[in-house]
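Undergrad: Would you mind keeping the following structure in view while I ask a few things?
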Amino acid sequence: MKIVVCIKQVPDTTEIRLDPVKGTLIRDGVPSIINPDDKAGLEEALKLKDKFGAHVTAITMGPPQADSALREAIAMGVDRAILLTDRKFAGADTLATSYAISAALKELDYDLIIAGRQAIDGDTAQVGPQIAEFLNLPQITYVNDIKFDGKDTFEVKRATEDGYMLLQVQIPCLMTILAEANKPRYMNVKNIVEAYNKEVEVWGVDRLSGINEEKLGLKGSPTKVKKSFTKGIKAVGQLYEVDPQEAAKIIIEKLKEKFII
C-alpha cells in the first residue's frame with residue numbers, strides 16, 4: 001500500500017501576536033511546528049506501515065524553511081519527503097493551495113491520501129476536501145479511527161456532532177484525521193541523525209505537468225483577508241452567590257435590561 005500524507009508547517013498559535021497597525025501576524029521569534037491534526041495523520045500512516053508494510057510519503061507546500069517539518073516526518077519514519085516551494089505558490093488561499101498539491105499528487109502513485117482535519121493557523125478544514133475534489137476521489141473527513149482489511153477496504157470511524165458514523169471506503173481515497181485520533185510517536189536519536197542524511201525532494205512549478213499558473217498563488221486565490229485583529233477583552237462580570245430561584249430572577253432581569261426579552 002502506498003500512502004501520501006499532506007502536512008503543513010504552522011506557527012505555534014500559543015505564541016502568536018498581531019501587529020496592531022498592519023493587522024498581520026508577527027512571526028519573528030515564533031516557533032514553527034507540524035500542524036497537530038497533520039501529525040496525527042502521520043502517525044496513522046506509520047501505524048499502517050508498521051502493520052501492513054506500507055510506503056509513506058510526506059508532502060508539504062511552503063517556503064524553504066518547511067524543510068524542517070519534513071525532516072521531522074522522516075525522523076518519525078516516513079520513507080519519502082517532498083517540498084513544494086516556488087515564488088509562484090506565494091499568497092495562496094485554500095483553493096490555490098489544494099490545486100497545487102493535487103497537481104503534485106498526480107505525479108505520485110497512491111492508495112490512500114491522508115491530511116489533517118484543519119490547520120491551526122487558518123481553521124478552514126478546506127484543503128483536504130478540495131484536494132479530493134480536484135483528484136475526483138471519495139473522501140471521509142473528521143476521521144477518528146481507521147481499520148484496514150489488508151486488501152482494498154477501510155472501515156472508518158467518523159466523528160460527528162452527535163456521536164460517530166461507521167463507514168466503509170475502498171482505495172484510492174482521501175481521509176482527514178482529527179488530532180485526538182492518535183498520539184504521535186517520539187523520534188529517536190538514530191532516526192533524527194538519519195533524517196538529516198536523507199534527501200528532501202524540492203519541487204517547483206516546473207516539476208508539475210499540465211498546471212495552469214493562473215490558478216496558483218495570489219492569482220488563483222479568490223479569498224482575500226481584509227483585516228486581522230485580536231479578540232477584545234471583556235469587562236469583569238458581576239458575581240452573585242444566591243440560590244437557583246434567585247439566580248433565575250436575576251438572569252431574567254438582566255435579559256430585560258438588554259431588551260432580549
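Chain labels run A, B, ... following the order of the C-alpha cells; each chain numbers its residues from 1, and ligands are numbered from 1 in the order shown.
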As a PyMOL selection string, please: the residues near region 76-82 of chain A (cut-off 10 Å, only C-alpha atoms, same-chain neighbours under 6 positions excluded).

TA: chain A and resi 3-6+39+42-43+45-46+49-50+54-61+67+69-70+104+184-188+191-192+195+198-203

Undergrad: Rank A:Ala247, A:Ala103, A:Ile120, A:Ala132 by their smallest atom-to-atom distance to Ser32 (chain A), using only C-alpha atoms, and report the top residue only.

TA: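 Of all the options, A:Ile120 lies closest to Ser32 (chain A).
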
Undergrad: Rank A:Ile74, A:Leu218, A:Ala159, A:Leu112 by their smallest atom-to-atom distance to Leu174 (chain A), using only C-alpha atoms, and report the top residue only.

TA: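 Residue with the minimum atom-to-atom distance to Leu174 (chain A): A:Leu112.
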
Undergrad: Could you jot down the CA of Asp121 (chain A) to CA of Asn182 (chain A) separation for me, Å, one decimal place?

TA: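 Between CA of Asp121 (chain A) and CA of Asn182 (chain A) the gap works out to 20.3 Å.
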
Undergrad: Within 9 Å of Asp109 (chain A), counting only C-alpha atoms, which residues show up once you throw out same-chain ones fewer than 2 positions away? Write them as a list in words, please.

TA: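 These residues fall inside the cut-off: Lys2, Ile3, Val4, Leu105, Lys106, Glu107 and Asp111 of chain A.
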
Undergrad: May I have the residues within 10 Å of Lys151 (chain A) as a count of residues only, using only C-alpha atoms and disregarding those fewer than 3 positions away in the same chain?

TA: 6

Undergrad: Which parts of region 12-245 of chain A does DSSP call alpha helix (DSSP H) when run on the backbone here, written out as an NGL selection string?

TA: :A and (36-52 or 67-76 or 94-105 or 127-135 or 189-195 or 244-245)

Undergrad: Can you pull out every residue from region 8-211 of chain A that DSSP, working from the backbone, puts in strand (DSSP E or B), and format the result as a PyMOL selection string?

TA: chain A and resi 9-11+17-18+25-26+32-34+55-61+80-84+112-116+139-148+153-159+164-170+173-177+201-203

Undergrad: How many Å separate CA of Met175 (chain A) from CA of Thr223 (chain A)?

TA: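 These two atoms are separated by 24.3 Å.
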
Undergrad: Name all residues at most 7 Å from Gly217 (chain A) (count only C-alpha atoms; drop same-chain ones fewer than 3 positions away) and give them as a list in words.

TA: Lys88, Phe89, Ala90, Gly91, Ala92, Ala96, Gly220 and Ser221 of chain A

Undergrad: Tell me which protein, DNA and RNA residues are within 9 Å of Arg117 (chain A), counting only C-alpha atoms, leaving out same-chain ones fewer than 6 positions away, and put them as a count of residues only.

TA: 17
